[in-house]
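S.K.: Okay, so here is work05.pdb, and as you'll see once you scroll down, it has PDB, C-alpha atoms.
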```pdb
ATOM      1  CA  MET L   1     -66.608  29.185-236.555
ATOM      2  CA  SER L   2     -67.296  28.159-232.990
ATOM      3  CA  LYS L   3     -65.484  24.893-233.545
ATOM      4  CA  GLU L   4     -62.273  26.514-234.595
ATOM      5  CA  PRO L   5     -60.607  26.825-231.183
ATOM      6  CA  GLU L   6     -61.337  23.186-230.506
ATOM      7  CA  LEU L   7     -59.928  22.227-233.861
ATOM      8  CA  ASN L   8     -56.784  24.201-233.210
ATOM      9  CA  GLU L   9     -56.395  22.523-229.850
ATOM     10  CA  LYS L  10     -56.687  19.100-231.431
ATOM     11  CA  LEU L  11     -54.247  20.012-234.163
ATOM     12  CA  SER L  12     -51.695  21.158-231.652
ATOM     13  CA  GLN L  13     -51.947  17.825-229.863
ATOM     14  CA  LEU L  14     -51.440  15.854-233.057
ATOM     15  CA  GLU L  15     -47.983  14.501-233.762
ATOM     16  CA  LEU L  16     -46.370  13.901-237.112
ATOM     17  CA  SER L  17     -47.246  10.497-238.471
ATOM     18  CA  ASP L  18     -43.617   9.560-239.002
ATOM     19  CA  ASP L  19     -42.811  10.202-235.378
ATOM     20  CA  LEU L  20     -42.723   6.706-233.978
ATOM     21  CA  PHE L  21     -42.515   7.722-230.345
ATOM     22  CA  PRO L  22     -44.748  10.746-229.802
ATOM     23  CA  GLN L  23     -44.403  10.414-226.037
ATOM     24  CA  TYR L  24     -40.616  10.314-226.240
ATOM     25  CA  GLU L  25     -38.768  12.855-224.196
ATOM     26  CA  ARG L  26     -35.052  13.309-224.314
ATOM     27  CA  PRO L  27     -33.838  11.606-221.154
ATOM     28  CA  ASP L  28     -32.285  13.625-218.400
ATOM     29  CA  PRO L  29     -28.660  12.512-218.022
ATOM     30  CA  GLU L  30     -28.994  12.703-214.243
ATOM     31  CA  LYS L  31     -31.891  10.273-214.183
ATOM     32  CA  THR L  32     -30.591   7.808-216.742
ATOM     33  CA  GLY L  33     -27.074   6.525-216.446
ATOM     34  CA  SER L  34     -24.390   8.562-218.122
ATOM     35  CA  LYS L  35     -23.642   5.591-220.357
ATOM     36  CA  GLU L  36     -27.173   5.581-221.724
ATOM     37  CA  ALA L  37     -26.935   9.303-222.403
ATOM     38  CA  LEU L  38     -23.676   8.769-224.261
ATOM     39  CA  ILE L  39     -25.171   5.975-226.327
ATOM     40  CA  ILE L  40     -28.144   8.141-227.252
ATOM     41  CA  ASP L  41     -25.758  10.894-228.223
ATOM     42  CA  TYR L  42     -23.754   8.404-230.263
ATOM     43  CA  LEU L  43     -26.773   7.091-232.145
ATOM     44  CA  GLU L  44     -27.991  10.598-232.925
ATOM     45  CA  THR L  45     -24.587  11.556-234.276
ATOM     46  CA  LEU L  46     -24.492   8.336-236.274
ATOM     47  CA  ASP L  47     -27.846   9.234-237.801
ATOM     48  CA  ASN L  48     -26.557  12.681-238.763
ATOM     49  CA  TYR L  49     -23.422  11.102-240.145
ATOM     50  CA  THR L  50     -25.214   8.667-242.433
ATOM     51  CA  THR L  51     -27.648  11.288-243.744
ATOM     52  CA  ARG L  52     -24.742  13.657-244.420
ATOM     53  CA  GLN L  53     -22.925  10.904-246.247
ATOM     54  CA  GLU L  54     -25.976  10.298-248.387
ATOM     55  CA  GLN L  55     -26.254  14.021-249.144
ATOM     56  CA  LEU L  56     -22.594  14.068-250.125
ATOM     57  CA  ASN L  57     -23.188  11.113-252.413
ATOM     58  CA  ASN L  58     -26.159  12.826-254.091
ATOM     59  CA  GLU L  59     -24.331  16.132-254.488
ATOM     60  CA  LEU L  60     -21.297  14.529-256.103
ATOM     61  CA  LYS L  61     -23.491  12.323-258.280
ATOM     62  CA  GLU L  62     -25.285  15.415-259.585
ATOM     63  CA  GLY L  63     -21.895  17.054-260.135
ATOM     64  CA  TYR L  64     -20.644  14.148-262.246
ATOM     65  CA  ILE L  65     -23.842  14.115-264.280
ATOM     66  CA  GLN L  66     -23.609  17.849-264.997
ATOM     67  CA  LEU L  67     -19.965  17.430-265.974
ATOM     68  CA  SER L  68     -20.929  14.720-268.458
ATOM     69  CA  ARG L  69     -23.689  16.950-269.801
ATOM     70  CA  ALA L  70     -21.211  19.801-270.247
ATOM     71  CA  ASN L  71     -19.009  17.437-272.243
ATOM     72  CA  TYR L  72     -21.981  16.372-274.340
ATOM     73  CA  VAL L  73     -23.113  19.926-275.044
ATOM     74  CA  SER L  74     -19.673  21.036-276.189
ATOM     75  CA  HIS L  75     -18.830  17.869-278.076
ATOM     76  CA  SER L  76     -17.545  19.968-280.976
ATOM     77  CA  LEU L  77     -14.469  20.619-278.853
ATOM     78  CA  SER L  78     -11.673  18.187-279.569
ATOM     79  CA  LYS L  79     -11.079  17.410-275.901
ATOM     80  CA  PRO L  80     -13.559  16.723-273.092
ATOM     81  CA  TYR L  81     -13.352  18.815-269.916
ATOM     82  CA  GLY L  82     -10.640  16.902-268.144
ATOM     83  CA  LYS L  83      -6.948  16.746-267.493
ATOM     84  CA  ASP L  84      -5.967  18.549-270.694
ATOM     85  CA  TYR L  85      -7.511  21.714-269.277
ATOM     86  CA  TRP L  86      -6.089  21.542-265.776
ATOM     87  CA  ASP L  87      -4.095  24.574-264.773
ATOM     88  CA  GLU L  88      -0.529  23.614-263.886
ATOM     89  CA  ARG L  89      -0.118  26.649-261.637
ATOM     90  CA  VAL L  90      -3.472  26.581-259.874
ATOM     91  CA  LYS L  91      -3.751  28.038-256.379
ATOM     92  CA  ALA L  92      -6.278  26.901-253.833
ATOM     93  CA  ILE L  93      -9.089  29.360-253.184
ATOM     94  CA  ARG L  94     -10.752  27.151-250.578
ATOM     95  CA  LYS L  95      -8.747  25.894-247.679
ATOM     96  CA  VAL L  96      -9.404  24.173-244.389
ATOM     97  CA  ALA L  97      -9.063  25.772-240.975
ATOM     98  CA  ILE L  98      -8.560  23.446-238.036
ATOM     99  CA  GLY L  99     -10.001  24.723-234.800
ATOM    100  CA  GLU L 100     -12.406  22.812-232.600
ATOM    101  CA  GLU L 101     -13.429  21.188-235.840
ATOM    102  CA  PHE L 102     -12.630  21.453-239.525
ATOM    103  CA  LYS L 103     -14.015  24.409-241.449
ATOM    104  CA  ILE L 104     -13.854  25.559-245.074
ATOM    105  CA  VAL L 105     -12.323  29.006-245.528
ATOM    106  CA  ASP L 106     -12.367  31.110-248.671
ATOM    107  CA  VAL L 107      -8.839  32.310-249.236
ATOM    108  CA  ASP L 108      -9.983  35.553-250.849
ATOM    109  CA  ASP L 109     -11.511  36.776-247.601
ATOM    110  CA  VAL L 110      -8.243  36.255-245.793
ATOM    111  CA  SER L 111      -6.160  38.212-248.310
ATOM    112  CA  LYS L 112      -8.577  41.165-248.181
ATOM    113  CA  LYS L 113      -8.283  41.384-244.416
ATOM    114  CA  GLU L 114      -4.494  41.282-244.618
ATOM    115  CA  ASN L 115      -4.504  44.194-247.052
ATOM    116  CA  LYS L 116      -6.697  46.282-244.770
ATOM    117  CA  ASP L 117      -4.326  45.676-241.869
ATOM    118  CA  LYS L 118      -1.409  46.895-243.952
ATOM    119  CA  VAL L 119      -3.235  50.104-244.857
ATOM    120  CA  GLY L 120      -3.685  50.913-241.173
ATOM    121  CA  ASN L 121       0.024  50.700-240.485
ATOM    122  CA  ILE L 122       1.318  53.003-243.177
ATOM    123  CA  ARG L 123       1.833  56.699-242.342
ATOM    124  CA  ASN L 124       2.575  58.094-245.773
ATOM    125  CA  ARG L 125      -0.652  59.318-247.305
ATOM    126  CA  LYS L 126       0.311  58.858-250.946
ATOM    127  CA  GLN L 127       1.304  55.316-250.330
ATOM    128  CA  LYS L 128      -1.923  54.823-248.457
ATOM    129  CA  GLU L 129      -3.900  55.828-251.510
ATOM    130  CA  ASN L 130      -1.852  53.524-253.665
ATOM    131  CA  ASP L 131      -2.502  50.692-251.291
ATOM    132  CA  GLU L 132      -6.196  51.354-251.313
ATOM    133  CA  LYS L 133      -6.130  51.097-255.076
ATOM    134  CA  LYS L 134      -4.309  47.794-254.745
ATOM    135  CA  VAL L 135      -6.997  46.495-252.420
ATOM    136  CA  LYS L 136      -9.640  47.342-254.986
ATOM    137  CA  GLU L 137      -7.664  45.559-257.695
ATOM    138  CA  VAL L 138      -7.458  42.453-255.554
ATOM    139  CA  LYS L 139     -11.217  42.448-255.251
ATOM    140  CA  VAL L 140     -11.681  42.664-259.005
ATOM    141  CA  LYS L 141      -9.214  39.899-259.737
ATOM    142  CA  LYS L 142     -11.090  37.232-257.803
ATOM    143  CA  TYR L 143      -9.965  34.010-259.375
ATOM    144  CA  ASN L 144     -12.586  31.543-260.465
ATOM    145  CA  PRO L 145     -11.176  28.076-261.146
ATOM    146  CA  ILE L 146     -13.807  27.497-263.830
ATOM    147  CA  ASN L 147     -11.767  29.808-266.073
ATOM    148  CA  MET L 148      -9.131  27.138-266.565
ATOM    149  CA  PHE L 149     -11.691  25.470-268.835
ATOM    150  CA  GLY L 150     -12.121  28.563-270.970
ATOM    151  CA  VAL L 151     -13.881  31.900-270.701
ATOM    152  CA  LEU L 152     -17.204  30.863-272.200
ATOM    153  CA  VAL L 153     -18.107  27.615-270.524
ATOM    154  CA  PRO L 154     -21.442  25.847-270.813
ATOM    155  CA  LEU L 155     -24.044  26.358-268.129
ATOM    156  CA  GLN L 156     -23.819  22.703-267.157
ATOM    157  CA  LEU L 157     -20.200  23.137-266.144
ATOM    158  CA  ARG L 158     -21.179  26.008-263.864
ATOM    159  CA  GLN L 159     -23.893  23.870-262.297
ATOM    160  CA  SER L 160     -21.383  21.100-261.839
ATOM    161  CA  GLN L 161     -19.096  23.564-260.083
ATOM    162  CA  SER L 162     -21.805  24.654-257.655
ATOM    163  CA  ASN L 163     -22.566  20.977-256.929
ATOM    164  CA  PHE L 164     -18.954  20.263-256.087
ATOM    165  CA  ILE L 165     -18.695  23.357-253.890
ATOM    166  CA  LYS L 166     -21.722  22.190-251.914
ATOM    167  CA  GLY L 167     -20.163  18.736-251.803
ATOM    168  CA  LEU L 168     -17.102  20.259-250.172
ATOM    169  CA  ASP L 169     -19.218  21.501-247.251
ATOM    170  CA  HIS L 170     -20.685  18.019-246.824
ATOM    171  CA  ILE L 171     -17.198  16.511-246.911
ATOM    172  CA  VAL L 172     -16.005  18.685-244.048
ATOM    173  CA  GLU L 173     -19.166  18.001-242.061
ATOM    174  CA  VAL L 174     -18.806  14.233-242.540
ATOM    175  CA  VAL L 175     -15.234  14.394-241.247
ATOM    176  CA  ASN L 176     -16.346  16.421-238.227
ATOM    177  CA  LEU L 177     -19.149  14.014-237.394
ATOM    178  CA  ARG L 178     -16.808  11.060-237.714
ATOM    179  CA  ASN L 179     -14.392  12.675-235.269
ATOM    180  CA  LYS L 180     -17.271  13.264-232.888
ATOM    181  CA  LEU L 181     -18.306   9.605-233.139
ATOM    182  CA  ASP L 182     -14.766   8.538-232.283
ATOM    183  CA  GLN L 183     -14.717  10.831-229.266
ATOM    184  CA  ILE L 184     -18.003   9.524-227.931
ATOM    185  CA  SER L 185     -17.031   5.885-228.378
ATOM    186  CA  GLU L 186     -13.806   6.599-226.508
ATOM    187  CA  LYS L 187     -15.814   8.073-223.632
ATOM    188  CA  ILE L 188     -18.052   5.004-223.564
ATOM    189  CA  GLU L 189     -15.057   2.695-223.395
ATOM    190  CA  LYS L 190     -13.603   4.725-220.519
ATOM    191  CA  LEU L 191     -16.887   4.495-218.628
ATOM    192  CA  ASP L 192     -17.017   0.727-219.184
ATOM    193  CA  LYS L 193     -13.553   0.347-217.722
ATOM    194  CA  GLU L 194     -14.485   2.379-214.651
ATOM    195  CA  VAL L 195     -17.605   0.306-214.096
ATOM    196  CA  ASP L 196     -15.537  -2.879-214.358
ATOM    197  CA  ARG L 197     -13.102  -1.560-211.769
ATOM    198  CA  GLN L 198     -15.906  -0.711-209.354
ATOM    199  CA  ASP L 199     -17.424  -4.169-209.817
ATOM    200  CA  ASN L 200     -14.093  -5.769-209.022
ATOM    201  CA  LYS L 201     -13.791  -3.691-205.867
ATOM    202  CA  GLU L 202     -17.225  -4.736-204.703
ATOM    203  CA  GLU L 203     -16.395  -8.374-205.339
ATOM    204  CA  ASN L 204     -13.225  -8.052-203.329
ATOM    205  CA  GLU L 205     -15.159  -6.533-200.435
ATOM    206  CA  THR L 206     -17.718  -9.331-200.339
ATOM    207  CA  ASN L 207     -15.381 -12.190-201.095
ATOM    208  CA  PRO L 208     -13.247 -12.236-197.888
ATOM    209  CA  ASP L 209     -16.169 -13.771-195.944
ATOM    210  CA  VAL L 210     -16.299 -16.641-198.405
ATOM    211  CA  LYS L 211     -12.591 -17.277-198.080
TER     212      LYS L 211
ATOM    213  CA  MET V   1      -3.839  24.082-231.496
ATOM    214  CA  SER V   2      -0.255  23.109-232.126
ATOM    215  CA  GLU V   3       2.044  24.626-234.714
ATOM    216  CA  ALA V   4       2.002  21.453-236.756
ATOM    217  CA  GLN V   5      -1.744  21.687-237.219
ATOM    218  CA  LYS V   6      -1.622  25.305-238.294
ATOM    219  CA  ASN V   7       0.159  24.422-241.525
ATOM    220  CA  ARG V   8      -2.469  21.899-242.451
ATOM    221  CA  THR V   9      -4.785  23.930-244.632
ATOM    222  CA  LEU V  10      -5.139  21.998-247.867
ATOM    223  CA  LEU V  11      -7.405  19.284-249.120
ATOM    224  CA  ALA V  12      -5.692  16.642-251.238
ATOM    225  CA  VAL V  13      -7.352  14.279-253.691
ATOM    226  CA  ILE V  14      -6.465  10.882-255.072
ATOM    227  CA  GLY V  15      -9.022  10.123-257.704
ATOM    228  CA  ASP V  16     -10.018   9.512-261.275
ATOM    229  CA  GLU V  17     -10.103  12.248-263.890
ATOM    230  CA  ASP V  18     -13.706  13.350-263.300
ATOM    231  CA  THR V  19     -13.332  13.495-259.533
ATOM    232  CA  ILE V  20     -10.276  15.683-259.793
ATOM    233  CA  THR V  21     -11.888  17.909-262.428
ATOM    234  CA  GLY V  22     -14.777  18.423-260.016
ATOM    235  CA  MET V  23     -12.542  19.153-257.077
ATOM    236  CA  LEU V  24     -10.504  21.615-259.123
ATOM    237  CA  LEU V  25     -13.765  23.328-260.063
ATOM    238  CA  ALA V  26     -14.524  23.615-256.376
ATOM    239  CA  GLY V  27     -11.220  25.418-256.002
ATOM    240  CA  ILE V  28      -9.067  23.220-253.819
ATOM    241  CA  GLY V  29      -6.257  22.586-256.295
ATOM    242  CA  GLN V  30      -2.830  23.890-255.365
ATOM    243  CA  VAL V  31       0.464  23.534-257.202
ATOM    244  CA  ASP V  32       3.600  24.550-255.390
ATOM    245  CA  ASP V  33       5.604  27.147-257.313
ATOM    246  CA  SER V  34       9.088  25.886-256.498
ATOM    247  CA  THR V  35       8.670  22.126-256.222
ATOM    248  CA  LYS V  36       5.838  21.739-258.742
ATOM    249  CA  SER V  37       4.190  19.251-256.399
ATOM    250  CA  LYS V  38       0.429  19.023-256.734
ATOM    251  CA  ASN V  39      -2.176  18.256-254.117
ATOM    252  CA  PHE V  40      -4.110  16.078-256.539
ATOM    253  CA  TYR V  41      -3.084  12.749-257.990
ATOM    254  CA  VAL V  42      -4.920  11.404-260.999
ATOM    255  CA  VAL V  43      -5.364   7.668-261.295
ATOM    256  CA  ASP V  44      -6.009   6.005-264.606
ATOM    257  CA  ASP V  45      -7.923   2.878-263.679
ATOM    258  CA  ALA V  46      -6.180   0.760-266.301
ATOM    259  CA  LYS V  47      -2.661   2.173-266.269
ATOM    260  CA  THR V  48      -1.905   3.155-262.688
ATOM    261  CA  THR V  49      -0.550   0.361-260.533
ATOM    262  CA  ASP V  50      -1.388  -0.240-256.885
ATOM    263  CA  GLU V  51       2.196   0.690-255.950
ATOM    264  CA  GLN V  52       1.775   4.120-257.500
ATOM    265  CA  ILE V  53      -1.431   4.768-255.568
ATOM    266  CA  ASP V  54       0.373   3.550-252.496
ATOM    267  CA  GLN V  55       3.173   6.033-253.082
ATOM    268  CA  ALA V  56       0.765   8.923-253.594
ATOM    269  CA  PHE V  57      -1.031   7.971-250.383
ATOM    270  CA  ASP V  58       2.284   7.973-248.512
ATOM    271  CA  GLU V  59       3.227  11.324-249.973
ATOM    272  CA  TYR V  60       0.036  12.995-248.801
ATOM    273  CA  THR V  61      -0.146  11.296-245.397
ATOM    274  CA  SER V  62       3.449  11.225-244.190
ATOM    275  CA  GLU V  63       5.719  13.315-246.392
ATOM    276  CA  ARG V  64       3.688  16.492-246.764
ATOM    277  CA  ASP V  65       2.644  18.365-243.653
ATOM    278  CA  ASP V  66       0.257  20.899-245.214
ATOM    279  CA  ILE V  67      -2.696  18.588-245.846
ATOM    280  CA  ALA V  68      -5.671  18.569-243.497
ATOM    281  CA  ILE V  69      -8.042  16.236-245.324
ATOM    282  CA  LEU V  70      -7.174  13.582-247.862
ATOM    283  CA  LEU V  71      -9.978  12.608-250.205
ATOM    284  CA  ILE V  72      -9.689   9.300-251.987
ATOM    285  CA  ASN V  73     -12.143   7.604-254.306
ATOM    286  CA  GLN V  74     -13.695   4.627-252.618
ATOM    287  CA  HIS V  75     -12.807   2.173-255.371
ATOM    288  CA  LEU V  76      -9.184   3.316-255.190
ATOM    289  CA  ALA V  77      -9.125   3.041-251.413
ATOM    290  CA  GLU V  78     -10.293  -0.520-251.947
ATOM    291  CA  ARG V  79      -7.082  -1.205-253.879
ATOM    292  CA  ILE V  80      -4.882  -0.114-250.982
ATOM    293  CA  ARG V  81      -7.350  -1.131-248.278
ATOM    294  CA  PHE V  82      -4.665  -2.460-245.932
ATOM    295  CA  LYS V  83      -2.840   0.840-245.857
ATOM    296  CA  VAL V  84      -5.979   2.954-245.465
ATOM    297  CA  ASP V  85      -7.337   0.870-242.603
ATOM    298  CA  ASN V  86      -4.021   0.851-240.773
ATOM    299  CA  PHE V  87      -3.656   4.606-240.869
ATOM    300  CA  THR V  88      -4.179   5.735-237.298
ATOM    301  CA  LYS V  89      -2.829   9.274-237.096
ATOM    302  CA  ALA V  90      -5.264  12.113-236.419
ATOM    303  CA  PHE V  91      -3.993  14.194-239.333
ATOM    304  CA  PRO V  92      -4.687  14.224-242.162
ATOM    305  CA  ALA V  93      -8.248  12.985-241.914
ATOM    306  CA  ILE V  94      -8.985  10.496-244.658
ATOM    307  CA  LEU V  95     -12.364  10.436-246.337
ATOM    308  CA  GLU V  96     -13.484   8.036-249.008
ATOM    309  CA  ILE V  97     -15.695   9.725-251.563
ATOM    310  CA  PRO V  98     -17.813   8.177-254.306
ATOM    311  CA  SER V  99     -16.666   8.408-257.914
ATOM    312  CA  LYS V 100     -18.625   8.604-261.109
ATOM    313  CA  GLU V 101     -18.695   4.892-261.817
ATOM    314  CA  HIS V 102     -18.641   3.777-258.198
ATOM    315  CA  PRO V 103     -21.237   5.531-256.032
ATOM    316  CA  TYR V 104     -21.394   4.692-252.322
ATOM    317  CA  GLY V 105     -22.943   1.229-252.306
ATOM    318  CA  LYS V 106     -25.882   0.472-250.042
ATOM    319  CA  PHE V 107     -23.945  -2.592-248.920
ATOM    320  CA  ILE V 108     -21.017  -0.536-247.745
ATOM    321  CA  TYR V 109     -23.418   1.881-246.099
ATOM    322  CA  TYR V 110     -24.974  -0.845-243.963
ATOM    323  CA  LEU V 111     -21.625  -2.461-243.299
ATOM    324  CA  ASN V 112     -20.450   0.873-241.977
ATOM    325  CA  LEU V 113     -23.490   1.115-239.765
ATOM    326  CA  PHE V 114     -23.040  -2.426-238.528
ATOM    327  CA  PHE V 115     -19.403  -2.032-237.534
ATOM    328  CA  GLN V 116     -20.052   1.249-235.834
ATOM    329  CA  SER V 117     -22.943  -0.163-233.846
ATOM    330  CA  ILE V 118     -20.712  -2.981-232.645
ATOM    331  CA  VAL V 119     -18.474  -0.429-230.977
ATOM    332  CA  ILE V 120     -21.233   0.365-228.521
ATOM    333  CA  TYR V 121     -22.277  -3.072-227.406
TER     334      TYR V 121
END
```
Can I see the file as structure tokens?
M.R.:
Amino acid sequence: MSKEPELNEKLSQLELSDDLFPQYERPDPEKTGSKEALIIDYLETLDNYTTRQEQLNNELKEGYIQLSRANYVSHSLSKPYGKDYWDERVKAIRKVAIGEEFKIVDVDDVSKKENKDKVGNIRNRKQKENDEKKVKEVKVKKYNPINMFGVLVPLQLRQSQSNFIKGLDHIVEVVNLRNKLDQISEKIEKLDKEVDRQDNKEENETNPDVK
Amino acid sequence: MSEAQKNRTLLAVIGDEDTITGMLLAGIGQVDDSTKSKNFYVVDDAKTTDEQIDQAFDEYTSERDDIAILLINQHLAERIRFKVDNFTKAFPAILEIPSKEHPYGKFIYYLNLFFQSIVIY
């Protein structure tokens, strides 16, 4: 029992074995050059980007496998789950919002908010009640795109759906990270140009003596 | 944010049947009521020609102004590589996604890494 504090102290000093640089501290941008800081930032983003891409790949792969399984399970159907089932009047329930970066938005949330706003504006009480009923109906009627493949769909198809929905999040994140990479590399190029200009100036200042 | 960007809310897909089925399951499919134009274009590997893929790509990148992200299967992007690589506009963002028979190759992954590292040095 007496050794326990010591043990805890030692444990707290231990680093994870996969940490190659236990002494590594994130450099202070004031001490290192701003270019180095940008490059570190770039490499970190690149790391995120490639892991995200791999996650996206895995998620979609799982989605395709589950889709194939769903087809296998319901092979008594004449047609596989594919283009024969696609809804020709489908409406998007997930859209993209562009702000600082891309973001996935569920359309249902937006329509609910709009309805609430309308209720606030109306003076007539009867109409208000009617509108409230309408809002409730909208909530009930939440459209699930899986229904275009039938009402009773195999579990595998539902799993496939959840895989693809997760994949969608990865897709947006990959796009965001790629944009970030482009921004950082632009900054680096700008810095390089400035450094070149300063070098040229210095050369011009020292060169007159030689001439 | 400019007005032009505000309209861009949709994801579009150019892909094979399984990819589009998956994306429809995820709920991004949209068919316009009046024009009947879809935001997904299905490619049959054997039947669809490169010109047709090219046209679909043009439709989603230049003609329509409501698309924020264009997803295209990597093996299809390979068929119109010149066009994809020469696309420089900020919107829509183009992302190549793996398909059932063509997952992201390790080779392409490292190639990606290599070219992006070159940018720095």
S.K.: Please report as number ranges by chain which residues of chain V come no farther than 9 Å from chain L, using all atoms listed in the file.
M.R.: V: 1, 5-6, 8-11, 17-33, 36, 38, 42, 67-69, 71, 93-95, 97-100, 103-104, 109, 113, 116-117, 119-120
S.K.: Output, as JSON, the centre and edge lengths in Å (one decimal) of the axis-aligned box that contains all listed atoms of region 44-63 of chain V with 8 Å of margin on each side.
M.R.:
```
{"center_x": -1.1, "center_y": 6.5, "center_z": -255.2, "size_x": 29.6, "size_y": 29.6, "size_z": 38.1}
```
S.K.: To one decimal place, how far is CA of Ala90 (chain V) from CA of His75 (chain V) in Å?
M.R.: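 Taking CA of Ala90 (chain V) as the start and CA of His75 (chain V) as the end point, the length is 22.7 Å.
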S.K.: As an exercise, work out the distance from CA of Ala70 (chain L) to CA of Gln159 (chain L) in Å and give it to one decimal place.
M.R.: 9.3 Å
S.K.: At a cut-off of 9 Å, using all atoms listed in the file, what residues contact region 45-51 of chain V? Leave out same-chain residues fewer than 5 positions from it and give the result as a ChimeraX atom specification.
M.R.: /V:16,56,76,79-80
S.K.: Between CA of Phe40 (chain V) and CA of Ile14 (chain V), what is the spacing in Å?
M.R.: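 Atom-to-atom, CA of Ile14 (chain V) and CA of Phe40 (chain V) are spaced 5.9 Å apart.
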S.K.: Measuring atom to atom with all atoms listed in the file, identify which of V:Asn39, V:Gly15, V:Glu96, V:Ser34 is nearest to Asp66 (chain V).
M.R.: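 Selected residue with least distance to Asp66 (chain V): V:Asn39.
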S.K.: Once the PyMOL selection byres ((chain L and resi 74) around 12) has been applied to the shown file, what residues remain in the selection, as a PDB file with C-alpha atoms, in the coordinates of the input?
M.R.:
```pdb
ATOM      1  CA  LEU L  67     -19.965  17.430-265.974  1.00  0.00           C
ATOM      2  CA  SER L  68     -20.929  14.720-268.458  1.00  0.00           C
ATOM      3  CA  ARG L  69     -23.689  16.950-269.801  1.00  0.00           C
ATOM      4  CA  ALA L  70     -21.211  19.801-270.247  1.00  0.00           C
ATOM      5  CA  ASN L  71     -19.009  17.437-272.243  1.00  0.00           C
ATOM      6  CA  TYR L  72     -21.981  16.372-274.340  1.00  0.00           C
ATOM      7  CA  VAL L  73     -23.113  19.926-275.044  1.00  0.00           C
ATOM      8  CA  HIS L  75     -18.830  17.869-278.076  1.00  0.00           C
ATOM      9  CA  SER L  76     -17.545  19.968-280.976  1.00  0.00           C
ATOM     10  CA  LEU L  77     -14.469  20.619-278.853  1.00  0.00           C
ATOM     11  CA  SER L  78     -11.673  18.187-279.569  1.00  0.00           C
ATOM     12  CA  LYS L  79     -11.079  17.410-275.901  1.00  0.00           C
ATOM     13  CA  PRO L  80     -13.559  16.723-273.092  1.00  0.00           C
ATOM     14  CA  TYR L  81     -13.352  18.815-269.916  1.00  0.00           C
ATOM     15  CA  PHE L 149     -11.691  25.470-268.835  1.00  0.00           C
ATOM     16  CA  GLY L 150     -12.121  28.563-270.970  1.00  0.00           C
ATOM     17  CA  LEU L 152     -17.204  30.863-272.200  1.00  0.00           C
ATOM     18  CA  VAL L 153     -18.107  27.615-270.524  1.00  0.00           C
ATOM     19  CA  PRO L 154     -21.442  25.847-270.813  1.00  0.00           C
ATOM     20  CA  LEU L 155     -24.044  26.358-268.129  1.00  0.00           C
ATOM     21  CA  GLN L 156     -23.819  22.703-267.157  1.00  0.00           C
ATOM     22  CA  LEU L 157     -20.200  23.137-266.144  1.00  0.00           C
TER      23      LEU L 157
END
```
S.K.: Between V:Asp44, V:Glu101, V:Asp54, V:Glu63, which has the minimum distance to Ala77 (chain V) (counting only C-alpha atoms)?
M.R.: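 Closest to Ala77 (chain V), using only C-alpha atoms: V:Asp54.
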